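Step one of this worksheet: look at the structure below.
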Amino acid sequence: MRDLDRYLADCKFILVSNREPYEHMRGPTGIEVKQPAGGLVSALDPTMRAIHGTWVAWGSGSADRETSDSSGCVQVPPDEGSYTLRRVWLDDQDIASYYHGFANRSLWPLCHLLVNHFEFRTDYWERYRAVNLRFAHAAADEAERCSGRAMIWIQDYHFALVAQSLRAIRPSSFIHQFWHIPFPPPDIFRLLPVGTHEPLLRGLMGNDLMEFQTERHAMNFLACVEQFVDGVAVDRDRRRVSLGGHVTHVDAFPISTDAPHWEQMARSADAESRVATLRGRYTRPGRQLGVAVDRIDYTKGIPERLRAIEHLWEANPALRGAVTFLFVCTPSRSDVPAYAALEQEVGTLVGDINAKFATADWTPIVLVNSNVDSDLLAAVYRAADLCLVSSLQDGMNLVAKEFIASQVDDRGVLVLSRFTGAAEEIDDAVLVNPFNLDGFAQSIRMALAMAPDERRRRMRRMRAHLKRATIFDWLDSILLRSTEIMGELEEAAARAPSQPPRREVYPPESSL
């Protein structure tokens with residue numbers, strides 16, 4: 001881990017996210033502590049330990065309440081208690097309307113430009129507002145505990161309204177937010193009903209710094225602000241917006257993965273054994289192994305990928321038996337009808353393709369429909385001859401970067417959708433349009449035919465780039481920019497005439 005606390009040594013660091021870094025769960029032998037998998041937790045948990053910050057998140061574990069104090073706080077990790085986890089309690093209706101409703105049935109499809117899945121209901125929006133205000137109050141309470149300044153970092157689309165509320169409650173805090181998913185252009189954003197899109201944008205403008213995955217997403221945000229917020233001044237060249245005397249800076253910070261950790265897992269003795277098993281099972285002289293790793297999500301282009309593979313074998317009979325595809329499809333949001341239907345569609349498509357092309361010694365597509373630990377994934381990535389990432393839209397897509405980090409033998413080819421943030425960063429992938437069936441199938445054929453020397457050249461360049469842009473570099477760049485802006489704000493305050501501190505009155509948590 002980098003020495004990131006140099007940016008935060010003199011201020012309280014408060015992180016706000018939907019998911020918590022530690023869950024207390026009731027198990028058969030008592031209370032167990034689980035740490036959710038994911039790059040954000042693996043990157044930020046060591047930082048939080050070092051700087052003794054506070055993490056504000058939804059208390060989702062079955063034993064979270066009984067392990068927290070009256071304020072919802074518990075010291076984590078359990079064995080050392082290096083920082084505070086402040087839990088916010090959500091009931092079933094909160095989860096149904098704030099999380100599954102507005103966040104994932106309204107904002108998620110809208111931001112991914114998949115408007116056929118967009119669903120808006122007034123109760124979703126009202127509950128989203130209420131939960132956002134509850135999180136703002138929790139973060140403000142934690143900021144109140146510190147004697148000096150506070151830096152509050154909000155994560156993602158679940159909390160578009162938190163920053164504005166926080167600014168009203170704690171105007172002295174530095175507030176910034178990373179938007180992990182794409183941000184849509186105005187013509188798509190305007191599908192939100194009148195009375196919704198402007199409050200949402202004003203909510204995000206409560207930040208001192210808005211952070212996006214790509215320049216395109218940042219520019220889309222500026223265009224939406226310019227079109228939908230009255231009285232705003234937008235400076236596209238300097239990437240900033242001003243409203244009522246407050247300035248919001250806007251920039252792009254492409255997220256990455258913990259590349260050294262993935263490489264370490266891929267080089268382990270367990271991985272060596274698993275790679276040998278996978279290649280012994282699925283490859284033989286002249287046969288290759290392709291992999292695809294996704295959550296079951298309509299943004300990932302899984303049916304489009306399957307249809308391209310089917311078209312490849314229909315159009316090129318000689319390639320039947322030349323490649324086995326291993327699809328790792330993790331169930332996700334199964335209680336949302338669109339996701340349940342997608343899971344069924346994927347299973348049906350795989351069954352139909354296998355029935356059409358399978359032989360006595362070849363299963364064309366092997367479907368793994370369960371969660372897979374990261375150490376096993378690293379072995380799967382290392383064993384692969386090609387990796388298919390066919391997202392219809394994606395903020396970044398870390399599967400592509402995990403694959404590159406795990407390719408220690410320089411064997412594989414990355415086939416990557418043009419509509420991922422990763423495609424704007426990675427130069428040596430084979431780029432595809434997942435909506436173009438013929439082109440997608442042809443790109444898979446090209447990847448299968450690529451010579452070993454060309455594969456090595458491409459993968460070595462991608463790996464060299466990734467090692468210069470890990471998740472810790474991402475975190476470092478955001479904190480560096482944040483401290484620069486904090487310094488500018490302090491200098492401006494020092495030059496301004498002295499005024500009594502102003503604390504805005506804001507409705508209590510219970511008012512919505």
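By order of appearance in the structure tokens: chains A, B, ..., then residues from 1 within every chain, and ligands from 1 in the order shown.
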* To do: Excluding segment 221-227 of chain A and residues on its chain fewer than 2 positions from it, collect all residues at most 10 Å away from it, counting only C-alpha atoms, and give them as JSON, numbers by chain.
  => {"A": [182, 183, 184, 185, 186, 187, 188, 189, 190, 197, 198, 200, 201, 202, 204, 205, 210, 212, 215, 216, 217, 218, 219, 229, 230, 231, 232, 233, 234, 235, 236, 239, 240, 241, 250]}
Selected residues written out with C-alpha atoms, as a compact mmCIF listing (two decimals), in the first residue's frame:
```txt
# COMPACT_ATOMS: atom_id res chain seq x y z
CA PRO A 182 -21.16 5.78 -16.99
CA PHE A 183 -22.82 9.18 -16.93
CA PRO A 184 -25.36 9.65 -19.74
CA PRO A 185 -25.66 12.51 -22.24
CA PRO A 186 -28.53 15.02 -21.88
CA ASP A 187 -30.82 13.28 -24.39
CA ILE A 188 -30.84 10.19 -22.16
CA PHE A 189 -30.69 11.96 -18.80
CA ARG A 190 -33.82 13.94 -19.65
CA HIS A 197 -33.14 15.52 -12.96
CA GLU A 198 -32.39 19.03 -11.70
CA LEU A 200 -30.18 15.10 -8.79
CA LEU A 201 -27.65 17.30 -10.60
CA ARG A 202 -27.78 19.93 -7.86
CA LEU A 204 -23.94 16.16 -7.21
CA MET A 205 -22.91 19.81 -7.48
CA MET A 210 -16.84 15.17 -9.03
CA PHE A 212 -15.69 10.05 -13.31
CA GLU A 215 -13.34 12.16 -20.06
CA ARG A 216 -16.52 11.32 -21.98
CA HIS A 217 -18.49 10.71 -18.80
CA ALA A 218 -17.16 13.93 -17.27
CA MET A 219 -18.18 15.90 -20.37
CA VAL A 229 -29.72 23.54 -13.99
CA ASP A 230 -30.88 27.16 -13.95
CA GLY A 231 -28.35 29.86 -13.08
CA VAL A 232 -25.28 27.65 -13.40
CA ALA A 233 -22.00 28.74 -15.02
CA VAL A 234 -20.18 25.91 -16.83
CA ASP A 235 -16.51 26.23 -17.78
CA ARG A 236 -15.80 23.25 -20.02
CA ARG A 239 -13.91 21.56 -16.15
CA ARG A 240 -15.77 23.30 -13.39
CA VAL A 241 -19.30 24.47 -12.64
CA VAL A 250 -14.95 17.84 -12.55
```
Could you list, with a cut-off of 6 Å and counting only C-alpha atoms, the residues of segment 285-347 of chain A near segment 355-379 of chain A, each shown with its nearest atom pair and the distance in Å rounded to one decimal, rows sorted by chain and ascending number, as a tab-separated table?
```
residue	atom	partner	partner_atom	distance
A:Thr324	CA	A:Pro364	CA	5.1
A:Phe325	CA	A:Ile365	CA	4.8
A:Leu326	CA	A:Val366	CA	4.8
A:Phe327	CA	A:Leu367	CA	4.9
A:Val328	CA	A:Val368	CA	4.7
A:Cys329	CA	A:Asn369	CA	5.0
A:Thr330	CA	A:Ser370	CA	4.9
```
Residues from the last selection, N, CA, C and O atoms, saved as a PDB file, in the first residue's frame:
```
ATOM      1  N   THR A 324     -12.971 -24.167 -26.400  1.00  0.00           N
ATOM      2  CA  THR A 324     -13.986 -24.355 -25.365  1.00  0.00           C
ATOM      3  C   THR A 324     -14.115 -23.042 -24.603  1.00  0.00           C
ATOM      4  O   THR A 324     -13.099 -22.442 -24.233  1.00  0.00           O
ATOM      5  N   PHE A 325     -15.347 -22.598 -24.365  1.00  0.00           N
ATOM      6  CA  PHE A 325     -15.563 -21.361 -23.616  1.00  0.00           C
ATOM      7  C   PHE A 325     -16.050 -21.684 -22.210  1.00  0.00           C
ATOM      8  O   PHE A 325     -17.016 -22.439 -22.029  1.00  0.00           O
ATOM      9  N   LEU A 326     -15.376 -21.109 -21.236  1.00  0.00           N
ATOM     10  CA  LEU A 326     -15.759 -21.230 -19.839  1.00  0.00           C
ATOM     11  C   LEU A 326     -16.403 -19.915 -19.404  1.00  0.00           C
ATOM     12  O   LEU A 326     -15.743 -18.886 -19.350  1.00  0.00           O
ATOM     13  N   PHE A 327     -17.701 -19.961 -19.157  1.00  0.00           N
ATOM     14  CA  PHE A 327     -18.452 -18.773 -18.742  1.00  0.00           C
ATOM     15  C   PHE A 327     -18.675 -18.828 -17.231  1.00  0.00           C
ATOM     16  O   PHE A 327     -19.360 -19.732 -16.740  1.00  0.00           O
ATOM     17  N   VAL A 328     -18.106 -17.869 -16.499  1.00  0.00           N
ATOM     18  CA  VAL A 328     -18.365 -17.726 -15.075  1.00  0.00           C
ATOM     19  C   VAL A 328     -19.372 -16.596 -14.924  1.00  0.00           C
ATOM     20  O   VAL A 328     -19.040 -15.426 -15.131  1.00  0.00           O
ATOM     21  N   CYS A 329     -20.608 -16.939 -14.617  1.00  0.00           N
ATOM     22  CA  CYS A 329     -21.701 -15.964 -14.538  1.00  0.00           C
ATOM     23  C   CYS A 329     -22.258 -15.950 -13.119  1.00  0.00           C
ATOM     24  O   CYS A 329     -23.000 -16.857 -12.726  1.00  0.00           O
ATOM     25  N   THR A 330     -21.880 -14.939 -12.356  1.00  0.00           N
ATOM     26  CA  THR A 330     -22.273 -14.845 -10.954  1.00  0.00           C
ATOM     27  C   THR A 330     -23.681 -14.287 -10.839  1.00  0.00           C
ATOM     28  O   THR A 330     -23.974 -13.230 -11.398  1.00  0.00           O
TER      29      THR A 330
END
```
*asked:* Neighbouring residues of segment 295-302 of chain A were defined as those with any atom within 10 Å, considering only C-alpha atoms; residues of the same chain fewer than 3 positions away were excluded. Please report them as a count of residues only.
replied: 43
Do a neighbour search on segment 148-160 of chain A at 9 Å with only C-alpha atoms, toss out local chain neighbours closer than 3 positions, and write the hits as number ranges by chain. A: 8, 10-18, 98-99, 102-104, 107-108, 128-129, 131-132, 135, 139, 143-144, 163-164, 172-181, 200-204, 482
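The nearest approach to His100 of chain A among the residues A:Val336, A:Glu119, A:Asp294, A:Asn207, with only C-alpha atoms taken into account, belongs to A:Val336.
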*Among segment 40-152 of chain A, which ones does DSSP place in strand (DSSP E or B), written as a VMD selection string?*
chain A and resid 54 to 58 73 to 76 83 to 88 150 to 152
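Those residues in segment 99-159 of chain A carrying a DSSP assignment of alpha helix (DSSP H), computed from the backbone, are Trp108, Pro109, Leu110, Cys111, Thr122, Asp123, Tyr124, Trp125, Glu126, Arg127, Tyr128, Arg129, Ala130, Val131, Asn132, Leu133, Arg134, Phe135, Ala136, His137, Ala138, Ala139, Ala140, Asp141, Glu142, Ala143 and Glu144 of chain A.
Minimum distance to Ala43 of chain A across A:Asp258, A:Glu425, A:Glu126, A:Asp64 (counting only C-alpha atoms) occurs at A:Asp258.
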Name all residues at most 12 Å from Arg468 of chain A (count only C-alpha atoms; drop same-chain ones fewer than 4 positions away) and give them as a PyMOL selection string. chain A and resi 256-260+405+461-464+472-474
What separates atom CA of Gly81 of chain A and atom CA of His261 of chain A is a distance of 23.9 Å
Separating atom CA of Glu304 of chain A from atom CA of Ser443 of chain A, to the nearest tenth of an Å, is a gap of 13.6 Å
